[in-house]
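What follows is a short report on a single structure.
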Amino acid sequence: MAKLTATSVLKSASGMEMPIFGLGTWQSVDAELERALHTALEVGYRLIDTAFVYNNEEAIGRVLSEWLRSGKISRQDIFITTKLPMQGNSPKLVREYLQKQLKALQLKYVDLYLIHHPAGINADEVIKHEGNTVDNTGLKLDMTTDHVALWKEMEKQVDDGLTKAIGLSNFNVKQIERILKVARIPPANLQIELYLYNQGKAEQELCRQKGITMTSYSTLGSRSVPNGLLSGANLNPLQDPVVCRIAKSHNKSTGQVLLRHVLQLGIAIIPKSSNPIRIRENFQVFDFELSATEMEELNNLDKGEEGRRFHLEALKPHPEYPYPG
């Protein structure tokens, strides 16, 4: 891989080019999010990741509109990823949701539109976010989710210019392969939980073979995941002795080492923060490089499924639940 810089991009076999570093916006809303976005754009972030279920696309739209109107950035300078919610996992609802999201974002198109999760829920269901709690109990699952039909409708959104590229989120290898067999427009990106203790090595291998770029969420281990979502391993990679030793040797924080590790795997990262100091600190990962030995040490800390933190237990009865167990 070429030397990593703040302007490095990942290229998919389908032709998409996306920045390797961006701002995640889950759990960020309203004024707090707007301040964070202004800081991130000033620092040099050019990838913004959001989703319908985050309930923050209107705030993002306000900031983007301000920056675009002022001429400080052009539309081509910014890369926007958003996601089709689980209650939209039906071919007849894809365009309706995407148009609604474009209106909120004040954009004519997004750069990347992902199916947020392989399992569908009933169209009238809403996952409720309140403070630091997510209520996903008692969801009415749509057991008829059809990935092939859904993907064909996603392709139409590219044809009609509402999104430049399409991809998947939280899909497992088997589910990705099913899409690849029928895809006229192959997935450009896979976004999954991927961090020190759950490195998604099978997904990494498949994506390398097929030219699918990857985005890591939970790169720092998601220590503040809301109640109702976190049901996996209670692990803290920020305190791992190996990470601490490597951080000290580079005069960097453990968080910066975790971010750099995933970047050097050739995977995009979207660390979320509303703290201006942290937003700047997260971006300061292009002035050092982990050695081959350090990368091997960090790769060897993978715990596979034992390290998974996001399980979404309420979706387990669904035939497209993507995780083992």
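The way I read the labels, and the way they are meant: chains A, B, ... in the order of the structure tokens, residue 1 as the first residue of every chain, and ligand 1 as the first ligand shown, with later ones counted on from there.
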Those in segment 87-288 of chain A with alpha helix (DSSP H) from DSSP, as an MDAnalysis selection string: chainID A and resid 94:105 147:159 173:182 201:210 241:250 254:264 276:283
Residue list (strand (DSSP E or B), DSSP) for segment 41-155 of chain A, as a VMD selection string: chain A and resid 47 to 49 79 to 84 110 112 to 115 120 to 121 128 to 130 133 to 135 141 to 142
Shell of 10 Å around Gly221 of chain A, only C-alpha atoms, local chain residues under 4 positions omitted, as a ChimeraX atom specification: /A:193-198,217,225,234-238,255,258,307-309
Close residues, Thr82 of chain A itself excluded, 6 Å, only C-alpha atoms, min 4 positions apart in chain, as a VMD selection string: chain A and resid 50 to 51 113
Spatial neighbours of segment 160-171 of chain A, 6 Å, only C-alpha atoms, chain gap at least 5 places, as a list of chain:residue names: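 Here the qualifying residues turn out to be A:Tyr109, A:Val110, A:Asp111, A:Leu112, A:Tyr113, A:Leu114, A:Ile115, A:His116, A:His117, A:Pro118, A:Pro187, A:Ala188, A:Asn189, A:Leu190, A:Gln191, A:Ile192.
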Just to be explicit: take each residue in the selection above, keep C-alpha atoms, and write the result as a CSV table (one decimal), in the first residue's frame.
chain,number,residue,atom,x,y,z
A,109,TYR,CA,-26.9,12.5,-4.2
A,110,VAL,CA,-24.8,10.7,-1.6
A,111,ASP,CA,-21.5,9.1,-2.4
A,112,LEU,CA,-22.2,5.8,-0.8
A,113,TYR,CA,-25.4,4.2,0.3
A,114,LEU,CA,-25.2,1.1,2.5
A,115,ILE,CA,-27.8,-1.5,3.5
A,116,HIS,CA,-27.4,-0.9,7.3
A,117,HIS,CA,-28.1,-4.5,8.4
A,118,PRO,CA,-29.0,-7.8,6.7
A,187,PRO,CA,-20.7,-3.7,-3.5
A,188,ALA,CA,-18.1,-0.9,-3.3
A,189,ASN,CA,-17.7,-1.0,0.5
A,190,LEU,CA,-18.4,-3.2,3.5
A,191,GLN,CA,-18.7,-1.5,6.9
A,192,ILE,CA,-18.4,-3.7,9.9
Closest of A:Leu139, A:Ile80, A:Val285, A:Leu68 to Glu313 of chain A - atom-to-atom distances counting only C-alpha atoms: A:Leu139
For atom CA of Ser90 of chain A and atom CA of Asp49 of chain A, the interatomic separation in Å (one decimal):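 Taking atom CA of Ser90 of chain A as the start and atom CA of Asp49 of chain A as the end point, the length is 22.4 Å.
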Point-to-point distance from atom CA of Asp302 of chain A to atom CA of Lys210 of chain A, Å rounded to tenths: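 One can read the atom CA of Asp302 of chain A to atom CA of Lys210 of chain A distance as 22.9 Å.
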Contacts of segment 94-101 of chain A within 7 Å, only C-alpha atoms, excl. fewer than 6 positions in-chain, as a PyMOL selection string: chain A and resi 52+57+84+88+153-154
Next, dump the selected residues to file, keeping only all heavy atoms, as a PDB file, in the first residue's frame.
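Contents of part-v4.pdb, freshly written:
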ATOM      1  N   PHE A  52     -29.801   6.792   8.565  1.00  0.00           N
ATOM      2  CA  PHE A  52     -31.164   7.226   8.887  1.00  0.00           C
ATOM      3  C   PHE A  52     -31.455   7.062  10.369  1.00  0.00           C
ATOM      4  O   PHE A  52     -32.017   7.947  11.016  1.00  0.00           O
ATOM      5  CB  PHE A  52     -32.170   6.421   8.061  1.00  0.00           C
ATOM      6  CG  PHE A  52     -33.604   6.801   8.315  1.00  0.00           C
ATOM      7  CD1 PHE A  52     -34.189   7.848   7.627  1.00  0.00           C
ATOM      8  CD2 PHE A  52     -34.366   6.117   9.263  1.00  0.00           C
ATOM      9  CE1 PHE A  52     -35.515   8.222   7.872  1.00  0.00           C
ATOM     10  CE2 PHE A  52     -35.691   6.480   9.509  1.00  0.00           C
ATOM     11  CZ  PHE A  52     -36.258   7.539   8.819  1.00  0.00           C
ATOM     12  N   GLU A  57     -29.347  13.452  10.286  1.00  0.00           N
ATOM     13  CA  GLU A  57     -29.035  13.869   8.917  1.00  0.00           C
ATOM     14  C   GLU A  57     -29.405  15.330   8.658  1.00  0.00           C
ATOM     15  O   GLU A  57     -28.737  16.006   7.865  1.00  0.00           O
ATOM     16  CB  GLU A  57     -29.720  12.929   7.923  1.00  0.00           C
ATOM     17  CG  GLU A  57     -29.084  11.547   7.906  1.00  0.00           C
ATOM     18  CD  GLU A  57     -29.847  10.533   7.069  1.00  0.00           C
ATOM     19  OE1 GLU A  57     -31.095  10.508   7.156  1.00  0.00           O
ATOM     20  OE2 GLU A  57     -29.195   9.765   6.343  1.00  0.00           O
ATOM     21  N   LEU A  84     -29.421   2.712   4.540  1.00  0.00           N
ATOM     22  CA  LEU A  84     -30.826   2.312   4.518  1.00  0.00           C
ATOM     23  C   LEU A  84     -31.150   1.611   5.835  1.00  0.00           C
ATOM     24  O   LEU A  84     -30.476   0.650   6.211  1.00  0.00           O
ATOM     25  CB  LEU A  84     -31.056   1.360   3.348  1.00  0.00           C
ATOM     26  CG  LEU A  84     -32.443   0.733   3.212  1.00  0.00           C
ATOM     27  CD1 LEU A  84     -33.438   1.769   2.722  1.00  0.00           C
ATOM     28  CD2 LEU A  84     -32.393  -0.468   2.261  1.00  0.00           C
ATOM     29  N   GLY A  88     -36.414  -0.307   6.262  1.00  0.00           N
ATOM     30  CA  GLY A  88     -36.473  -0.038   4.826  1.00  0.00           C
ATOM     31  C   GLY A  88     -35.941  -1.186   3.987  1.00  0.00           C
ATOM     32  O   GLY A  88     -35.755  -1.032   2.776  1.00  0.00           O
ATOM     33  N   GLU A 153     -32.763  -3.256  -6.296  1.00  0.00           N
ATOM     34  CA  GLU A 153     -33.321  -1.913  -6.108  1.00  0.00           C
ATOM     35  C   GLU A 153     -32.227  -0.918  -5.731  1.00  0.00           C
ATOM     36  O   GLU A 153     -32.279   0.257  -6.149  1.00  0.00           O
ATOM     37  CB  GLU A 153     -34.404  -1.944  -5.031  1.00  0.00           C
ATOM     38  CG  GLU A 153     -35.231  -0.676  -4.948  1.00  0.00           C
ATOM     39  CD  GLU A 153     -36.015  -0.375  -6.216  1.00  0.00           C
ATOM     40  OE1 GLU A 153     -36.405  -1.321  -6.940  1.00  0.00           O
ATOM     41  OE2 GLU A 153     -36.228   0.830  -6.488  1.00  0.00           O
ATOM     42  N   MET A 154     -31.245  -1.341  -4.960  1.00  0.00           N
ATOM     43  CA  MET A 154     -30.101  -0.474  -4.640  1.00  0.00           C
ATOM     44  C   MET A 154     -29.379  -0.078  -5.931  1.00  0.00           C
ATOM     45  O   MET A 154     -28.971   1.088  -6.098  1.00  0.00           O
ATOM     46  CB  MET A 154     -29.147  -1.191  -3.693  1.00  0.00           C
ATOM     47  CG  MET A 154     -29.688  -1.459  -2.298  1.00  0.00           C
ATOM     48  SD  MET A 154     -29.734   0.017  -1.237  1.00  0.00           S
ATOM     49  CE  MET A 154     -27.987   0.209  -0.833  1.00  0.00           C
TER      50      MET A 154
END
Who sits within 7 Å of Val243 of chain A, only C-alpha atoms, same chain under 4 positions skipped, as a PyMOL selection string: chain A and resi 247+254+257
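Residue nearest Glu320 of chain A, chosen from A:Gln264, A:Gln256, A:Asn172, A:Gln284 and counting only C-alpha atoms: A:Asn172.
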Top pick for closest residue to Pro241 of chain A, considering A:Arg208, A:Thr215, A:Ser274, A:Glu297 and counting only C-alpha atoms: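 Ranking A:Arg208, A:Thr215, A:Ser274, A:Glu297 by distance to Pro241 of chain A, first place goes to A:Glu297.
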